[in-house]
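Trainee: Here you go, this is input_25.cif (mmCIF, N, CA and C atoms).
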data_run
loop_
_atom_site.label_atom_id
_atom_site.label_comp_id
_atom_site.auth_asym_id
_atom_site.auth_seq_id
_atom_site.Cartn_x
_atom_site.Cartn_y
_atom_site.Cartn_z
N MET O 1 116.50 -67.10 -20.61
CA MET O 1 115.52 -66.08 -20.93
C MET O 1 115.95 -64.76 -20.28
N ASP O 2 115.77 -63.68 -20.99
CA ASP O 2 116.12 -62.34 -20.53
C ASP O 2 115.34 -61.98 -19.27
N SER O 3 116.04 -61.46 -18.25
CA SER O 3 115.37 -61.13 -16.98
C SER O 3 114.36 -60.00 -17.15
N HIS O 4 114.64 -59.06 -18.06
CA HIS O 4 113.67 -57.97 -18.28
C HIS O 4 112.42 -58.50 -18.98
N LEU O 5 112.57 -59.51 -19.82
CA LEU O 5 111.42 -60.15 -20.45
C LEU O 5 110.53 -60.78 -19.38
N ILE O 6 111.13 -61.49 -18.45
CA ILE O 6 110.36 -62.11 -17.36
C ILE O 6 109.68 -61.04 -16.52
N LEU O 7 110.39 -59.97 -16.23
CA LEU O 7 109.82 -58.87 -15.46
C LEU O 7 108.63 -58.24 -16.19
N SER O 8 108.76 -58.06 -17.50
CA SER O 8 107.66 -57.50 -18.28
C SER O 8 106.45 -58.42 -18.28
N LEU O 9 106.67 -59.70 -18.48
CA LEU O 9 105.56 -60.65 -18.46
C LEU O 9 104.89 -60.70 -17.09
N PHE O 10 105.68 -60.63 -16.02
CA PHE O 10 105.13 -60.60 -14.66
C PHE O 10 104.24 -59.38 -14.47
N HIS O 11 104.71 -58.22 -14.93
CA HIS O 11 103.89 -57.01 -14.79
C HIS O 11 102.61 -57.10 -15.61
N ILE O 12 102.70 -57.62 -16.83
CA ILE O 12 101.52 -57.70 -17.70
C ILE O 12 100.50 -58.70 -17.16
N PHE O 13 100.96 -59.86 -16.70
CA PHE O 13 100.01 -60.93 -16.34
C PHE O 13 99.71 -61.05 -14.84
N ALA O 14 100.45 -60.35 -13.99
CA ALA O 14 100.16 -60.41 -12.55
C ALA O 14 99.87 -59.02 -11.96
N VAL O 15 100.77 -58.07 -12.20
CA VAL O 15 100.63 -56.75 -11.58
C VAL O 15 99.42 -56.01 -12.15
N VAL O 16 99.33 -55.93 -13.47
CA VAL O 16 98.23 -55.20 -14.10
C VAL O 16 96.87 -55.75 -13.68
N PRO O 17 96.64 -57.07 -13.73
CA PRO O 17 95.33 -57.57 -13.27
C PRO O 17 95.07 -57.29 -11.79
N PHE O 18 96.09 -57.38 -10.95
CA PHE O 18 95.93 -57.08 -9.52
C PHE O 18 95.50 -55.63 -9.32
N PHE O 19 96.20 -54.72 -9.98
CA PHE O 19 95.85 -53.29 -9.87
C PHE O 19 94.44 -53.03 -10.40
N LEU O 20 94.13 -53.59 -11.56
CA LEU O 20 92.81 -53.33 -12.16
C LEU O 20 91.69 -53.95 -11.34
N TYR O 21 91.93 -55.11 -10.75
CA TYR O 21 90.90 -55.73 -9.92
C TYR O 21 90.51 -54.80 -8.77
N ILE O 22 91.51 -54.27 -8.09
CA ILE O 22 91.23 -53.36 -6.97
C ILE O 22 90.63 -52.05 -7.48
N ALA O 23 91.20 -51.50 -8.55
CA ALA O 23 90.73 -50.21 -9.06
C ALA O 23 89.28 -50.27 -9.54
N LEU O 24 88.91 -51.38 -10.16
CA LEU O 24 87.56 -51.48 -10.72
C LEU O 24 86.53 -51.92 -9.69
N ASN O 25 86.93 -52.72 -8.72
CA ASN O 25 85.99 -53.18 -7.69
C ASN O 25 85.81 -52.17 -6.56
N ARG O 26 86.79 -51.31 -6.39
CA ARG O 26 86.76 -50.25 -5.37
C ARG O 26 86.30 -50.79 -4.02
N ALA O 27 85.25 -50.24 -3.45
CA ALA O 27 84.82 -50.61 -2.10
C ALA O 27 84.32 -52.05 -2.01
N ASN O 28 84.09 -52.70 -3.14
CA ASN O 28 83.66 -54.11 -3.15
C ASN O 28 84.85 -55.07 -3.15
N THR O 29 86.04 -54.53 -3.08
CA THR O 29 87.25 -55.36 -3.04
C THR O 29 87.25 -56.16 -1.73
N PRO O 30 87.53 -57.46 -1.80
CA PRO O 30 87.59 -58.26 -0.58
C PRO O 30 88.65 -57.75 0.39
N TYR O 31 88.39 -57.94 1.66
CA TYR O 31 89.27 -57.47 2.74
C TYR O 31 90.71 -57.98 2.55
N TYR O 32 90.87 -59.25 2.19
CA TYR O 32 92.23 -59.81 2.07
C TYR O 32 93.03 -59.14 0.95
N MET O 33 92.33 -58.63 -0.06
CA MET O 33 93.03 -57.93 -1.14
C MET O 33 93.60 -56.59 -0.66
N TYR O 34 92.87 -55.94 0.24
CA TYR O 34 93.38 -54.70 0.83
C TYR O 34 94.62 -54.99 1.67
N LYS O 35 94.58 -56.07 2.43
CA LYS O 35 95.74 -56.44 3.24
C LYS O 35 96.93 -56.78 2.35
N ALA O 36 96.66 -57.50 1.26
CA ALA O 36 97.73 -57.83 0.31
C ALA O 36 98.30 -56.56 -0.30
N ALA O 37 97.45 -55.62 -0.67
CA ALA O 37 97.91 -54.36 -1.25
C ALA O 37 98.80 -53.61 -0.27
N PHE O 38 98.40 -53.59 1.00
CA PHE O 38 99.19 -52.90 2.01
C PHE O 38 100.57 -53.52 2.15
N VAL O 39 100.63 -54.83 2.30
CA VAL O 39 101.91 -55.53 2.48
C VAL O 39 102.77 -55.38 1.23
N ILE O 40 102.18 -55.57 0.07
CA ILE O 40 102.94 -55.44 -1.19
C ILE O 40 103.46 -54.02 -1.33
N GLY O 41 102.65 -53.04 -0.96
CA GLY O 41 103.09 -51.64 -1.03
C GLY O 41 104.30 -51.37 -0.17
N ILE O 42 104.30 -51.89 1.04
CA ILE O 42 105.44 -51.71 1.95
C ILE O 42 106.68 -52.41 1.39
N VAL O 43 106.50 -53.64 0.91
CA VAL O 43 107.63 -54.40 0.36
C VAL O 43 108.20 -53.70 -0.88
N ILE O 44 107.32 -53.23 -1.76
CA ILE O 44 107.78 -52.53 -2.97
C ILE O 44 108.58 -51.29 -2.59
N THR O 45 108.06 -50.52 -1.65
CA THR O 45 108.74 -49.30 -1.23
C THR O 45 110.13 -49.60 -0.67
N LEU O 46 110.22 -50.57 0.22
CA LEU O 46 111.51 -50.90 0.83
C LEU O 46 112.49 -51.49 -0.18
N TYR O 47 112.02 -52.43 -0.99
CA TYR O 47 112.88 -53.07 -1.98
C TYR O 47 113.43 -52.05 -2.98
N HIS O 48 112.54 -51.22 -3.50
CA HIS O 48 112.98 -50.27 -4.52
C HIS O 48 113.79 -49.12 -3.93
N ALA O 49 113.59 -48.81 -2.65
CA ALA O 49 114.45 -47.82 -2.00
C ALA O 49 115.89 -48.35 -1.94
N TYR O 50 116.02 -49.63 -1.60
CA TYR O 50 117.35 -50.25 -1.57
C TYR O 50 117.97 -50.27 -2.97
N LYS O 51 117.17 -50.69 -3.96
CA LYS O 51 117.68 -50.73 -5.34
C LYS O 51 118.03 -49.33 -5.85
N ALA O 52 117.23 -48.33 -5.46
CA ALA O 52 117.50 -46.94 -5.88
C ALA O 52 118.83 -46.48 -5.29
N PHE O 53 119.07 -46.82 -4.05
CA PHE O 53 120.34 -46.46 -3.41
C PHE O 53 121.51 -47.06 -4.17
N LEU O 54 121.41 -48.34 -4.52
CA LEU O 54 122.48 -49.00 -5.26
C LEU O 54 122.68 -48.38 -6.64
N LYS O 55 121.58 -48.08 -7.31
CA LYS O 55 121.68 -47.49 -8.65
C LYS O 55 122.21 -46.06 -8.59
N PHE O 56 121.84 -45.34 -7.54
CA PHE O 56 122.37 -43.99 -7.36
C PHE O 56 123.89 -44.03 -7.18
N LYS O 57 124.36 -44.94 -6.33
CA LYS O 57 125.80 -45.08 -6.10
C LYS O 57 126.53 -45.47 -7.38
N ALA O 58 125.88 -46.30 -8.20
CA ALA O 58 126.51 -46.77 -9.43
C ALA O 58 126.36 -45.78 -10.58
N GLY O 59 125.57 -44.74 -10.38
CA GLY O 59 125.35 -43.76 -11.45
C GLY O 59 124.49 -44.30 -12.58
N SER O 60 123.59 -45.22 -12.27
CA SER O 60 122.76 -45.86 -13.29
C SER O 60 121.71 -44.90 -13.85
N SER O 61 121.47 -45.00 -15.14
CA SER O 61 120.44 -44.19 -15.78
C SER O 61 119.04 -44.77 -15.55
N TYR O 62 118.95 -45.92 -14.91
CA TYR O 62 117.65 -46.55 -14.65
C TYR O 62 117.15 -46.28 -13.23
N LEU O 63 117.75 -45.34 -12.54
CA LEU O 63 117.33 -44.96 -11.20
C LEU O 63 115.86 -44.54 -11.18
N TRP O 64 115.39 -43.90 -12.25
CA TRP O 64 114.01 -43.40 -12.32
C TRP O 64 112.98 -44.50 -12.11
N VAL O 65 113.27 -45.71 -12.57
CA VAL O 65 112.31 -46.82 -12.41
C VAL O 65 112.09 -47.10 -10.93
N ASN O 66 113.16 -47.17 -10.17
CA ASN O 66 113.04 -47.43 -8.74
C ASN O 66 112.37 -46.27 -8.02
N LEU O 67 112.68 -45.05 -8.43
CA LEU O 67 112.07 -43.89 -7.78
C LEU O 67 110.56 -43.84 -8.00
N ILE O 68 110.10 -44.24 -9.17
CA ILE O 68 108.65 -44.31 -9.42
C ILE O 68 108.00 -45.28 -8.44
N HIS O 69 108.64 -46.40 -8.21
CA HIS O 69 108.09 -47.39 -7.28
C HIS O 69 108.14 -46.89 -5.83
N VAL O 70 109.23 -46.19 -5.47
CA VAL O 70 109.39 -45.69 -4.09
C VAL O 70 108.44 -44.53 -3.80
N LEU O 71 108.30 -43.64 -4.75
CA LEU O 71 107.54 -42.41 -4.51
C LEU O 71 106.06 -42.50 -4.89
N PHE O 72 105.71 -43.46 -5.75
CA PHE O 72 104.33 -43.52 -6.23
C PHE O 72 103.66 -44.87 -6.02
N VAL O 73 104.19 -45.92 -6.61
CA VAL O 73 103.52 -47.22 -6.62
C VAL O 73 103.39 -47.81 -5.22
N GLY O 74 104.51 -47.94 -4.51
CA GLY O 74 104.47 -48.52 -3.17
C GLY O 74 103.58 -47.75 -2.21
N PRO O 75 103.77 -46.42 -2.09
CA PRO O 75 102.91 -45.66 -1.19
C PRO O 75 101.43 -45.71 -1.57
N LEU O 76 101.13 -45.71 -2.86
CA LEU O 76 99.73 -45.79 -3.29
C LEU O 76 99.10 -47.11 -2.85
N LEU O 77 99.79 -48.20 -3.06
CA LEU O 77 99.27 -49.50 -2.64
C LEU O 77 99.11 -49.57 -1.12
N ALA O 78 100.09 -49.07 -0.39
CA ALA O 78 100.01 -49.08 1.08
C ALA O 78 98.85 -48.21 1.55
N TYR O 79 98.66 -47.08 0.90
CA TYR O 79 97.56 -46.17 1.27
C TYR O 79 96.21 -46.84 1.03
N ILE O 80 96.02 -47.40 -0.16
CA ILE O 80 94.76 -48.08 -0.47
C ILE O 80 94.54 -49.23 0.50
N GLY O 81 95.59 -50.00 0.76
CA GLY O 81 95.47 -51.11 1.69
C GLY O 81 95.12 -50.68 3.10
N SER O 82 95.62 -49.55 3.52
CA SER O 82 95.34 -49.08 4.88
C SER O 82 93.96 -48.44 5.00
N GLN O 83 93.48 -47.84 3.93
CA GLN O 83 92.18 -47.18 3.95
C GLN O 83 91.01 -48.13 3.69
N GLU O 84 91.33 -49.27 3.07
CA GLU O 84 90.33 -50.30 2.75
C GLU O 84 89.11 -49.67 2.05
N GLN O 85 87.90 -49.96 2.53
CA GLN O 85 86.69 -49.48 1.86
C GLN O 85 86.54 -47.95 1.93
N ASN O 86 87.32 -47.28 2.76
CA ASN O 86 87.25 -45.83 2.87
C ASN O 86 88.20 -45.12 1.90
N THR O 87 88.82 -45.87 1.01
CA THR O 87 89.74 -45.30 0.05
C THR O 87 89.01 -44.32 -0.86
N PRO O 88 89.55 -43.11 -1.03
CA PRO O 88 88.90 -42.15 -1.93
C PRO O 88 88.97 -42.59 -3.39
N ARG O 89 88.02 -42.13 -4.16
CA ARG O 89 87.93 -42.48 -5.58
C ARG O 89 89.23 -42.16 -6.31
N ALA O 90 89.84 -41.02 -6.00
CA ALA O 90 91.07 -40.61 -6.69
C ALA O 90 92.18 -41.66 -6.57
N ALA O 91 92.29 -42.31 -5.42
CA ALA O 91 93.33 -43.33 -5.24
C ALA O 91 93.07 -44.53 -6.15
N TYR O 92 91.80 -44.94 -6.26
CA TYR O 92 91.48 -46.04 -7.17
C TYR O 92 91.80 -45.66 -8.61
N GLU O 93 91.50 -44.43 -8.98
CA GLU O 93 91.76 -44.00 -10.35
C GLU O 93 93.26 -43.89 -10.62
N LEU O 94 94.03 -43.46 -9.63
CA LEU O 94 95.49 -43.45 -9.79
C LEU O 94 96.03 -44.87 -9.96
N LEU O 95 95.42 -45.82 -9.26
CA LEU O 95 95.85 -47.22 -9.39
C LEU O 95 95.53 -47.74 -10.80
N ALA O 96 94.36 -47.36 -11.33
CA ALA O 96 94.02 -47.75 -12.71
C ALA O 96 95.01 -47.13 -13.69
N LEU O 97 95.36 -45.86 -13.47
CA LEU O 97 96.36 -45.22 -14.34
C LEU O 97 97.70 -45.94 -14.26
N ALA O 98 98.09 -46.34 -13.06
CA ALA O 98 99.35 -47.08 -12.90
C ALA O 98 99.29 -48.42 -13.63
N ALA O 99 98.13 -49.06 -13.58
CA ALA O 99 97.97 -50.35 -14.27
C ALA O 99 98.14 -50.17 -15.78
N PHE O 100 97.49 -49.15 -16.33
CA PHE O 100 97.59 -48.93 -17.78
C PHE O 100 98.98 -48.45 -18.18
N ALA O 101 99.62 -47.68 -17.31
CA ALA O 101 101.00 -47.26 -17.59
C ALA O 101 101.93 -48.47 -17.62
N ALA O 102 101.77 -49.37 -16.65
CA ALA O 102 102.60 -50.58 -16.61
C ALA O 102 102.33 -51.46 -17.82
N LEU O 103 101.06 -51.59 -18.19
CA LEU O 103 100.71 -52.39 -19.36
C LEU O 103 101.35 -51.80 -20.62
N GLY O 104 101.23 -50.50 -20.78
CA GLY O 104 101.81 -49.85 -21.96
C GLY O 104 103.32 -49.95 -22.00
N TYR O 105 103.96 -49.66 -20.88
CA TYR O 105 105.42 -49.68 -20.83
C TYR O 105 105.96 -51.08 -21.11
N HIS O 106 105.40 -52.08 -20.45
CA HIS O 106 105.94 -53.43 -20.59
C HIS O 106 105.55 -54.07 -21.92
N THR O 107 104.41 -53.72 -22.47
CA THR O 107 104.04 -54.19 -23.82
C THR O 107 104.98 -53.57 -24.85
N TYR O 108 105.25 -52.28 -24.69
CA TYR O 108 106.20 -51.59 -25.57
C TYR O 108 107.56 -52.29 -25.53
N TYR O 109 108.03 -52.62 -24.32
CA TYR O 109 109.31 -53.30 -24.21
C TYR O 109 109.29 -54.63 -24.98
N LEU O 110 108.21 -55.39 -24.83
CA LEU O 110 108.13 -56.68 -25.52
C LEU O 110 108.17 -56.49 -27.04
N ILE O 111 107.47 -55.50 -27.54
CA ILE O 111 107.44 -55.25 -28.99
C ILE O 111 108.83 -54.84 -29.48
N VAL O 112 109.46 -53.92 -28.77
CA VAL O 112 110.80 -53.48 -29.17
C VAL O 112 111.77 -54.65 -29.09
N ASN O 113 111.68 -55.45 -28.04
CA ASN O 113 112.57 -56.59 -27.89
C ASN O 113 112.34 -57.62 -28.99
N MET O 114 111.10 -57.85 -29.38
CA MET O 114 110.83 -58.80 -30.46
C MET O 114 111.40 -58.28 -31.77
N ASN O 115 111.31 -56.98 -32.03
CA ASN O 115 111.87 -56.40 -33.25
C ASN O 115 113.38 -56.54 -33.29
N VAL O 116 114.04 -56.39 -32.15
CA VAL O 116 115.49 -56.55 -32.08
C VAL O 116 115.87 -57.99 -32.40
N VAL O 117 115.12 -58.95 -31.85
CA VAL O 117 115.39 -60.36 -32.10
C VAL O 117 115.17 -60.68 -33.56
N GLN O 118 114.07 -60.17 -34.16
CA GLN O 118 113.79 -60.43 -35.58
C GLN O 118 114.84 -59.80 -36.47
N ASP O 119 115.35 -58.62 -36.11
CA ASP O 119 116.36 -57.95 -36.92
C ASP O 119 117.67 -58.71 -36.94
N LYS O 120 117.92 -59.53 -35.91
CA LYS O 120 119.17 -60.30 -35.86
C LYS O 120 119.14 -61.50 -36.78
N HIS O 121 117.94 -61.90 -37.21
CA HIS O 121 117.85 -63.10 -38.06
C HIS O 121 117.82 -62.75 -39.51
#
Go ahead and express the file in the form of structure tokens.
Mentor:
Amino acid sequence: MDSHLILSLFHIFAVVPFFLYIALNRANTPYYMYKAAFVIGIVITLYHAYKAFLKFKAGSSYLWVNLIHVLFVGPLLAYIGSQEQNTPRAAYELLALAAFAALGYHTYYLIVNMNVVQDKH
């Protein structure tokens, strides 16, 4: 199975619901979810910083994906996780926007990928 297909399915069925759960529940989000968001945010930032470095050295055109995670997604999750119930409304709304962006991007990839597979038959 294509690794990007697995990545897209992971984002659609795990990342998007996680983001939306926190974004929609806001201050009613359980404490452990804030801690999870903080840890995941730090891990995302560090992992994608490393991947961005490798892609930069290789001259990859996909560097932008890692930079979005380093500059936006990871810090946003860490911020929400650290602020817990004191998180400002704008941060929750940015998280909802990130969820819908991820849903749209990865759904688009699945549709395009399915069309490529169908065109080969």
Trainee: Where does the PyMOL selection byres ((chain O and resi 80-93) around 5) land in this file, that is, which residues does it pick, as a list in words?
Mentor: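 Evaluating the PyMOL selection byres ((chain O and resi 80-93) around 5) on this file yields Ala23, Ala27, Tyr34, Ala37, Phe38, Leu76, Leu77, Ala78, Tyr79, Leu94, Leu95, Ala96 and Leu97 of chain O.
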Trainee: The selected residues should be written to file as a PDB file, in the coordinates of the input (atoms: N, CA and C atoms).
Mentor:
ATOM      1  N   ALA O  23      91.200 -51.500  -8.550  1.00  0.00           N
ATOM      2  CA  ALA O  23      90.730 -50.210  -9.060  1.00  0.00           C
ATOM      3  C   ALA O  23      89.280 -50.270  -9.540  1.00  0.00           C
ATOM      4  N   ALA O  27      85.250 -50.240  -3.450  1.00  0.00           N
ATOM      5  CA  ALA O  27      84.820 -50.610  -2.100  1.00  0.00           C
ATOM      6  C   ALA O  27      84.320 -52.050  -2.010  1.00  0.00           C
ATOM      7  N   TYR O  34      92.870 -55.940   0.240  1.00  0.00           N
ATOM      8  CA  TYR O  34      93.380 -54.700   0.830  1.00  0.00           C
ATOM      9  C   TYR O  34      94.620 -54.990   1.670  1.00  0.00           C
ATOM     10  N   ALA O  37      97.450 -55.620  -0.670  1.00  0.00           N
ATOM     11  CA  ALA O  37      97.910 -54.360  -1.250  1.00  0.00           C
ATOM     12  C   ALA O  37      98.800 -53.610  -0.270  1.00  0.00           C
ATOM     13  N   PHE O  38      98.400 -53.590   1.000  1.00  0.00           N
ATOM     14  CA  PHE O  38      99.190 -52.900   2.010  1.00  0.00           C
ATOM     15  C   PHE O  38     100.570 -53.520   2.150  1.00  0.00           C
ATOM     16  N   LEU O  76     101.130 -45.710  -2.860  1.00  0.00           N
ATOM     17  CA  LEU O  76      99.730 -45.790  -3.290  1.00  0.00           C
ATOM     18  C   LEU O  76      99.100 -47.110  -2.850  1.00  0.00           C
ATOM     19  N   LEU O  77      99.790 -48.200  -3.060  1.00  0.00           N
ATOM     20  CA  LEU O  77      99.270 -49.500  -2.640  1.00  0.00           C
ATOM     21  C   LEU O  77      99.110 -49.570  -1.120  1.00  0.00           C
ATOM     22  N   ALA O  78     100.090 -49.070  -0.390  1.00  0.00           N
ATOM     23  CA  ALA O  78     100.010 -49.080   1.080  1.00  0.00           C
ATOM     24  C   ALA O  78      98.850 -48.210   1.550  1.00  0.00           C
ATOM     25  N   TYR O  79      98.660 -47.080   0.900  1.00  0.00           N
ATOM     26  CA  TYR O  79      97.560 -46.170   1.270  1.00  0.00           C
ATOM     27  C   TYR O  79      96.210 -46.840   1.030  1.00  0.00           C
ATOM     28  N   LEU O  94      94.030 -43.460  -9.630  1.00  0.00           N
ATOM     29  CA  LEU O  94      95.490 -43.450  -9.790  1.00  0.00           C
ATOM     30  C   LEU O  94      96.030 -44.870  -9.960  1.00  0.00           C
ATOM     31  N   LEU O  95      95.420 -45.820  -9.260  1.00  0.00           N
ATOM     32  CA  LEU O  95      95.850 -47.220  -9.390  1.00  0.00           C
ATOM     33  C   LEU O  95      95.530 -47.740 -10.800  1.00  0.00           C
ATOM     34  N   ALA O  96      94.360 -47.360 -11.330  1.00  0.00           N
ATOM     35  CA  ALA O  96      94.020 -47.750 -12.710  1.00  0.00           C
ATOM     36  C   ALA O  96      95.010 -47.130 -13.690  1.00  0.00           C
ATOM     37  N   LEU O  97      95.360 -45.860 -13.470  1.00  0.00           N
ATOM     38  CA  LEU O  97      96.360 -45.220 -14.340  1.00  0.00           C
ATOM     39  C   LEU O  97      97.700 -45.940 -14.260  1.00  0.00           C
TER      40      LEU O  97
END
Trainee: Tell me, in Å to one decimal, how far CA of Thr107 in chain O is from atom C of Tyr32 in chain O.
Mentor: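 Value for the CA of Thr107 in chain O-atom C of Tyr32 in chain O distance: 27.6 Å.
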Trainee: Can you list, as a list in words, the residues that the PyMOL selection byres ((chain O and resi 44) around 8) selects here?
Mentor: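 Here the PyMOL selection byres ((chain O and resi 44) around 8) matches Phe38, Val39, Ile40, Gly41, Ile42, Val43, Thr45, Leu46, Tyr47, His48, Ala49, Tyr50, His69, Val70, Leu71, Val73, Gly74 and Pro75 of chain O.
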Trainee: Selection in question (the file shown): the PyMOL selection byres (((chain O and resi 3-5 and name CA) around 9) and name CA). Which residues does it include, as a list in words?
Mentor: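 Those residues are Met1, Asp2, Ile6, Leu7, Ser8, Leu9, Phe10, His106, Tyr109, Leu110 and Asn113 of chain O.
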Trainee: Nearest residue to Phe53 in chain O out of O:Leu24, O:Val16, O:Leu67, O:Ala99, using only C-alpha atoms?
Mentor: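 With only C-alpha atoms as the atom set, the closest residue is O:Leu67.
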Trainee: Just give me the gap between atom C of Ile111 in chain O and atom C of Ala14 in chain O in Å, one decimal is fine.
Mentor: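 Interatomic distance, atom C of Ile111 in chain O to atom C of Ala14 in chain O: 20.1 Å.
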Trainee: I need the residues of chain O that end up classed as alpha helix (DSSP H) by DSSP on the backbone, written out as a PyMOL selection string.
Mentor: chain O and resi 3-10+16-25+31-58+63-68+74-83+89-120
Trainee: Between CA of Ala52 in chain O and CA of Tyr108 in chain O, measure the distance and give it in Å to one decimal.
Mentor: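 If I compute the distance from CA of Ala52 in chain O to CA of Tyr108 in chain O, I get 23.2 Å.
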Trainee: For His11 in chain O, which of O:Leu103, O:Ala36, O:Leu54, O:Met114 is the closest residue, counting only N, CA and C atoms?
Mentor: O:Leu103
Trainee: Which residue, O:Val112, O:Ala98, O:Lys51, O:Gly104, has the smallest gap to Phe19 in chain O when you use only C-alpha atoms?
Mentor: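 Result for the nearest residue to Phe19 in chain O: O:Ala98.
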